[in-house]
Amino acid sequence: MTVSIAVTGKGGSGKTTVVKALWKVIKEKHPDKTVLLFDNDLTGELGHSFGKDIRQTIYGIRSGKHEYKTGIPDNMTKQEYIEWALEDILVPLDDNTDIIVSWLIGSKDCRCPITKQINDALVKLINRYDFVIFDCEFDLKYLYQLVDIPINVTLVIARPNEASIHLAKRIEEYSAKYAAGEQLGVVLNKVNKQEIEPLMELLNKYDLNTIGTIPKDDELKVNRVSKDSKVVETSLEQLYYRLNIPQNEEVQ
């Protein structure tokens with residue numbers, strides 16, 4: 001069974017840094033398990049953080065603008081074609097990790113057959129992996145418009161100020177119905193120690209479920225593109241046991 005984790009939040013909150021650090025933690029705890037990194041953010045920063053300029057996207061398949069690496073096989077049904085095309089745009093990062101990019105998506109209100117065909121093909125693809133981590137565009141609604149799968153853990157990344165925490169509450173409300181009763185909580189990012197007490201008061205004020213905090217890492221000013229942060233990775237190692245996902249070798 002695939003373990004699904006969605007990382008949401010406003011642009012600039014540090015979502016991509018958290019996704020990359022969480023991937024490293026999962027790789028360390030489950031070295032033999034497979035991971036799909038799913039870039040559902042319009043900025044496409046996740047691929048760039050690995051030094052990949054990924055131009056082939058799910059939107060390209062939907063719009064008919066995808067340029068295939070090989071010729072299209074003959075005698076496929078439309079569903080088989082979409083499944084084959086998704087394989088064509090997967091980018092391997094290592095032996096057990098792939099990344100895929102969605103970019104623009106169609107609305108669930110669209111009754112054109114390709115909306116359901118892409119959803120079904122993505123569900124089939126995702127279920128091949130032990131873990132999938134979604135780098136989301138703002139909240140879960142945008143992801144749901146593309147693919148409808150159960151999300152085990154949704155992390156709302158927020159910066160340490162009232163405006164960001166207020167927005168995190170809105171994201172939580174927008175995402176709640178798509179989280180289907182699974183774990184949904186806030187992680188405060190870029191936090192200075194002296195800010196923690198007043199921040200906890202703000203989180204209580206907005207009645208937010210808090211999973212934890214991540215200290216500010218000035219090294220990220222140097223690693224703007226790669227998004228690598230040992231500080232964030234260490235924090236996520238400490239927060240990992242709070243997540244409602246398998247620990248150590250519990251993944252089947």
# chains A, B, ... in the order shown; residues from 1 in each chain; ligands from 1
$ select_by_dssp --residues "stretch 16-115 of chain A" --states "strand (DSSP E)" --output "list in words"
Val35, Leu36, Leu37, Phe38, Asp39, Val91, Pro92, Leu93, Asp94, Thr97, Asp98, Ile99, Ile100 and Val101 of chain A
$ write_last_selection --atoms "N, CA and C atoms" --output "mmCIF file, in the first residue's frame"
data_model
loop_
_atom_site.group_PDB
_atom_site.id
_atom_site.type_symbol
_atom_site.label_atom_id
_atom_site.label_comp_id
_atom_site.auth_asym_id
_atom_site.auth_seq_id
_atom_site.Cartn_x
_atom_site.Cartn_y
_atom_site.Cartn_z
ATOM 1 N N VAL A 35 10.120 5.594 -4.066
ATOM 2 C CA VAL A 35 9.516 6.896 -3.783
ATOM 3 C C VAL A 35 9.203 7.601 -5.105
ATOM 4 N N LEU A 36 8.011 8.157 -5.193
ATOM 5 C CA LEU A 36 7.658 9.041 -6.296
ATOM 6 C C LEU A 36 7.535 10.456 -5.753
ATOM 7 N N LEU A 37 8.343 11.365 -6.285
ATOM 8 C CA LEU A 37 8.210 12.783 -5.957
ATOM 9 C C LEU A 37 7.307 13.402 -7.015
ATOM 10 N N PHE A 38 6.234 14.020 -6.576
ATOM 11 C CA PHE A 38 5.196 14.506 -7.488
ATOM 12 C C PHE A 38 5.136 16.034 -7.373
ATOM 13 N N ASP A 39 5.630 16.718 -8.405
ATOM 14 C CA ASP A 39 5.662 18.183 -8.389
ATOM 15 C C ASP A 39 4.335 18.712 -8.922
ATOM 16 N N VAL A 91 11.035 10.952 -14.595
ATOM 17 C CA VAL A 91 12.474 11.233 -14.586
ATOM 18 C C VAL A 91 13.092 10.516 -13.383
ATOM 19 N N PRO A 92 13.983 9.543 -13.608
ATOM 20 C CA PRO A 92 14.609 8.849 -12.479
ATOM 21 C C PRO A 92 15.646 9.731 -11.783
ATOM 22 N N LEU A 93 15.638 9.697 -10.453
ATOM 23 C CA LEU A 93 16.643 10.422 -9.663
ATOM 24 C C LEU A 93 17.691 9.466 -9.111
ATOM 25 N N ASP A 94 17.268 8.256 -8.773
ATOM 26 C CA ASP A 94 18.193 7.188 -8.382
ATOM 27 C C ASP A 94 17.467 5.865 -8.628
ATOM 28 N N THR A 97 13.962 6.160 -6.832
ATOM 29 C CA THR A 97 13.209 7.414 -6.800
ATOM 30 C C THR A 97 12.987 7.962 -8.202
ATOM 31 N N ASP A 98 11.727 8.332 -8.478
ATOM 32 C CA ASP A 98 11.378 9.027 -9.717
ATOM 33 C C ASP A 98 10.684 10.333 -9.372
ATOM 34 N N ILE A 99 10.699 11.259 -10.335
ATOM 35 C CA ILE A 99 9.982 12.521 -10.175
ATOM 36 C C ILE A 99 9.093 12.716 -11.396
ATOM 37 N N ILE A 100 7.899 13.269 -11.164
ATOM 38 C CA ILE A 100 6.985 13.598 -12.247
ATOM 39 C C ILE A 100 6.414 14.991 -11.981
ATOM 40 N N VAL A 101 6.151 15.741 -13.047
ATOM 41 C CA VAL A 101 5.704 17.130 -12.934
ATOM 42 C C VAL A 101 4.334 17.268 -13.590
#
$ residues_around --residues "A:Gly44" --least-positions-apart "3" --cutoff "10 Å" --atoms "only C-alpha atoms" --output "MDAnalysis selection string"
chainID A and resid 16 39:41 47:49 52:55 101:103 135
$ atom_distance --atom1 "atom CA of A:Leu140" --atom2 "atom CA of A:Gly106"
14.5 Å
$ residues_around --residues "A:Tyr81" --least-positions-apart "6" --cutoff "12 Å" --atoms "only C-alpha atoms" --output "list in words"
Ile61, Arg62, Gly64, Tyr68, Gly71, Ile72, Pro73, Asp74, Asn75, Glu87, Asp88, Ile114, Gln117, Ile118 and Ala121 of chain A
$ write_last_selection --atoms "C-alpha atoms" --output "short mmCIF file (atom, residue, chain, number, x, y, z; two decimals), in the first residue's frame"
data_model
loop_
_atom_site.label_atom_id
_atom_site.label_comp_id
_atom_site.auth_asym_id
_atom_site.auth_seq_id
_atom_site.Cartn_x
_atom_site.Cartn_y
_atom_site.Cartn_z
CA ILE A 61 0.09 14.89 -22.36
CA ARG A 62 -3.34 16.42 -21.77
CA GLY A 64 -1.15 17.03 -26.92
CA TYR A 68 7.96 11.72 -26.88
CA GLY A 71 7.69 6.63 -31.36
CA ILE A 72 4.17 6.01 -30.10
CA PRO A 73 3.40 2.26 -30.09
CA ASP A 74 0.65 1.09 -32.45
CA ASN A 75 -2.79 -0.28 -31.55
CA GLU A 87 5.95 6.42 -18.13
CA ASP A 88 7.61 8.52 -20.82
CA ILE A 114 -9.25 12.60 -20.62
CA GLN A 117 -8.37 8.78 -17.94
CA ILE A 118 -5.48 10.81 -16.50
CA ALA A 121 -3.64 6.33 -15.01
#
$ closest_residue --among "A:Lys193, A:Lys230, A:His66, A:Arg242" --to "A:Ala21" --atoms "only C-alpha atoms"
A:Lys230
$ atom_distance --atom1 "atom CA of A:Trp84" --atom2 "atom CA of A:Val19"
26.7 Å
$ select_by_dssp --residues "stretch 12-50 of chain A" --states "helix (DSSP H, G or I)" --output "list in words"
Lys15, Thr16, Thr17, Val18, Val19, Lys20, Ala21, Leu22, Trp23, Lys24, Val25, Ile26, Lys27, Glu28, Lys29, Glu45, Leu46, Gly47, His48 and Ser49 of chain A
$ residues_around --residues "stretch 164-170 of chain A" --least-positions-apart "5" --cutoff "9 Å" --atoms "only C-alpha atoms" --output "list in words"
Gly9, Lys10, Ser13, Val156, Ile157, Ala158, Arg159, Ser175, Val186, Leu188, Leu199, Leu202, Leu203, Tyr206, Asp207 and Leu208 of chain A
$ residues_around --residues "A:Lys33" --least-positions-apart "6" --cutoff "8 Å" --atoms "only C-alpha atoms" --output "NGL selection string"
:A and (27 or 96 or 129-131)
$ residues_around --residues "A:Glu237" --least-positions-apart "2" --cutoff "12 Å" --atoms "only C-alpha atoms" --output "JSON, numbers by chain"
{"A": [18, 21, 22, 23, 24, 25, 26, 27, 28, 29, 212, 213, 214, 230, 231, 232, 233, 234, 235, 239, 240, 241, 242, 243, 247, 248]}
$ closest_residue --among "A:Ile196, A:Glu45, A:Phe50, A:Ala179" --to "A:Lys141" --atoms "only C-alpha atoms"
A:Ala179
$ atom_distance --atom1 "atom CA of A:Asn209" --atom2 "atom CA of A:Gly185"
4.9 Å
$ decode --residues "stretch 133-174 of chain A" --atoms "N, CA and C atoms" --output "compact mmCIF listing (two decimals), in the first residue's frame"
# COMPACT_ATOMS: atom_id res chain seq x y z
N ILE A 133 5.36 11.64 -2.41
CA ILE A 133 5.38 12.93 -1.72
C ILE A 133 4.97 13.99 -2.73
N PHE A 134 3.89 14.70 -2.42
CA PHE A 134 3.38 15.74 -3.31
C PHE A 134 3.86 17.11 -2.86
N ASP A 135 4.50 17.84 -3.76
CA ASP A 135 4.82 19.25 -3.55
C ASP A 135 3.66 20.02 -4.15
N CYS A 136 2.75 20.51 -3.31
CA CYS A 136 1.45 21.00 -3.78
C CYS A 136 1.43 22.49 -4.09
N GLU A 137 0.49 22.84 -4.93
CA GLU A 137 0.19 24.24 -5.24
C GLU A 137 -0.84 24.74 -4.23
N PHE A 138 -0.40 25.43 -3.20
CA PHE A 138 -1.23 26.06 -2.17
C PHE A 138 -1.95 25.05 -1.29
N ASP A 139 -3.00 24.35 -1.81
CA ASP A 139 -3.75 23.44 -0.94
C ASP A 139 -4.06 22.14 -1.68
N LEU A 140 -4.87 21.27 -1.07
CA LEU A 140 -5.14 19.97 -1.66
C LEU A 140 -6.14 20.02 -2.81
N LYS A 141 -6.88 21.10 -2.94
CA LYS A 141 -7.89 21.17 -4.00
C LYS A 141 -7.25 21.06 -5.38
N TYR A 142 -6.14 21.76 -5.58
CA TYR A 142 -5.48 21.74 -6.88
C TYR A 142 -4.98 20.33 -7.21
N LEU A 143 -4.49 19.62 -6.20
CA LEU A 143 -4.05 18.25 -6.41
C LEU A 143 -5.26 17.35 -6.72
N TYR A 144 -6.35 17.53 -5.98
CA TYR A 144 -7.54 16.71 -6.18
C TYR A 144 -8.10 16.87 -7.59
N GLN A 145 -7.97 18.07 -8.16
CA GLN A 145 -8.45 18.28 -9.52
C GLN A 145 -7.70 17.42 -10.53
N LEU A 146 -6.51 16.99 -10.15
CA LEU A 146 -5.71 16.16 -11.05
C LEU A 146 -5.88 14.68 -10.76
N VAL A 147 -5.76 14.30 -9.48
CA VAL A 147 -5.83 12.89 -9.12
C VAL A 147 -6.47 12.75 -7.74
N ASP A 148 -7.37 11.81 -7.63
CA ASP A 148 -8.11 11.60 -6.39
C ASP A 148 -7.60 10.32 -5.73
N ILE A 149 -6.70 10.49 -4.75
CA ILE A 149 -6.21 9.36 -3.98
C ILE A 149 -6.25 9.72 -2.49
N PRO A 150 -6.30 8.75 -1.60
CA PRO A 150 -6.25 9.04 -0.16
C PRO A 150 -4.89 9.66 0.21
N ILE A 151 -4.92 10.70 1.01
CA ILE A 151 -3.69 11.34 1.50
C ILE A 151 -3.53 10.99 2.97
N ASN A 152 -2.45 10.30 3.31
CA ASN A 152 -2.24 9.88 4.70
C ASN A 152 -1.85 11.04 5.61
N VAL A 153 -0.99 11.93 5.10
CA VAL A 153 -0.51 13.06 5.91
C VAL A 153 -0.47 14.31 5.04
N THR A 154 -1.07 15.39 5.53
CA THR A 154 -0.97 16.69 4.87
C THR A 154 -0.27 17.66 5.81
N LEU A 155 0.85 18.19 5.34
CA LEU A 155 1.61 19.17 6.11
C LEU A 155 1.39 20.55 5.50
N VAL A 156 0.89 21.48 6.30
CA VAL A 156 0.74 22.87 5.86
C VAL A 156 1.96 23.63 6.37
N ILE A 157 2.81 24.09 5.46
CA ILE A 157 4.03 24.80 5.85
C ILE A 157 3.72 26.29 5.96
N ALA A 158 4.06 26.88 7.09
CA ALA A 158 3.77 28.30 7.32
C ALA A 158 5.00 29.00 7.88
N ARG A 159 5.12 30.26 7.57
CA ARG A 159 6.21 31.07 8.13
C ARG A 159 5.77 31.61 9.50
N PRO A 160 6.75 32.03 10.33
CA PRO A 160 6.45 32.40 11.72
C PRO A 160 5.93 33.83 11.89
N ASN A 161 4.75 34.11 11.34
CA ASN A 161 4.12 35.41 11.56
C ASN A 161 2.61 35.22 11.47
N GLU A 162 1.87 36.19 11.99
CA GLU A 162 0.41 36.02 12.09
C GLU A 162 -0.24 35.93 10.72
N ALA A 163 0.23 36.69 9.74
CA ALA A 163 -0.37 36.65 8.41
C ALA A 163 -0.25 35.25 7.80
N SER A 164 0.92 34.63 7.95
CA SER A 164 1.14 33.30 7.41
C SER A 164 0.34 32.25 8.17
N ILE A 165 0.24 32.41 9.48
CA ILE A 165 -0.54 31.46 10.29
C ILE A 165 -2.03 31.59 9.98
N HIS A 166 -2.49 32.81 9.78
CA HIS A 166 -3.88 33.04 9.37
C HIS A 166 -4.16 32.35 8.04
N LEU A 167 -3.22 32.47 7.10
CA LEU A 167 -3.37 31.82 5.79
C LEU A 167 -3.33 30.30 5.94
N ALA A 168 -2.49 29.81 6.85
CA ALA A 168 -2.42 28.36 7.10
C ALA A 168 -3.77 27.83 7.56
N LYS A 169 -4.48 28.62 8.36
CA LYS A 169 -5.82 28.21 8.79
C LYS A 169 -6.76 28.08 7.59
N ARG A 170 -6.67 29.01 6.66
CA ARG A 170 -7.50 28.94 5.45
C ARG A 170 -7.13 27.72 4.62
N ILE A 171 -5.83 27.45 4.50
CA ILE A 171 -5.39 26.28 3.73
C ILE A 171 -5.90 25.01 4.39
N GLU A 172 -5.84 24.97 5.72
CA GLU A 172 -6.35 23.81 6.45
C GLU A 172 -7.84 23.61 6.16
N GLU A 173 -8.60 24.70 6.17
CA GLU A 173 -10.04 24.61 5.91
C GLU A 173 -10.31 24.16 4.48
N TYR A 174 -9.56 24.72 3.52
CA TYR A 174 -9.73 24.34 2.12
C TYR A 174 -9.39 22.87 1.89
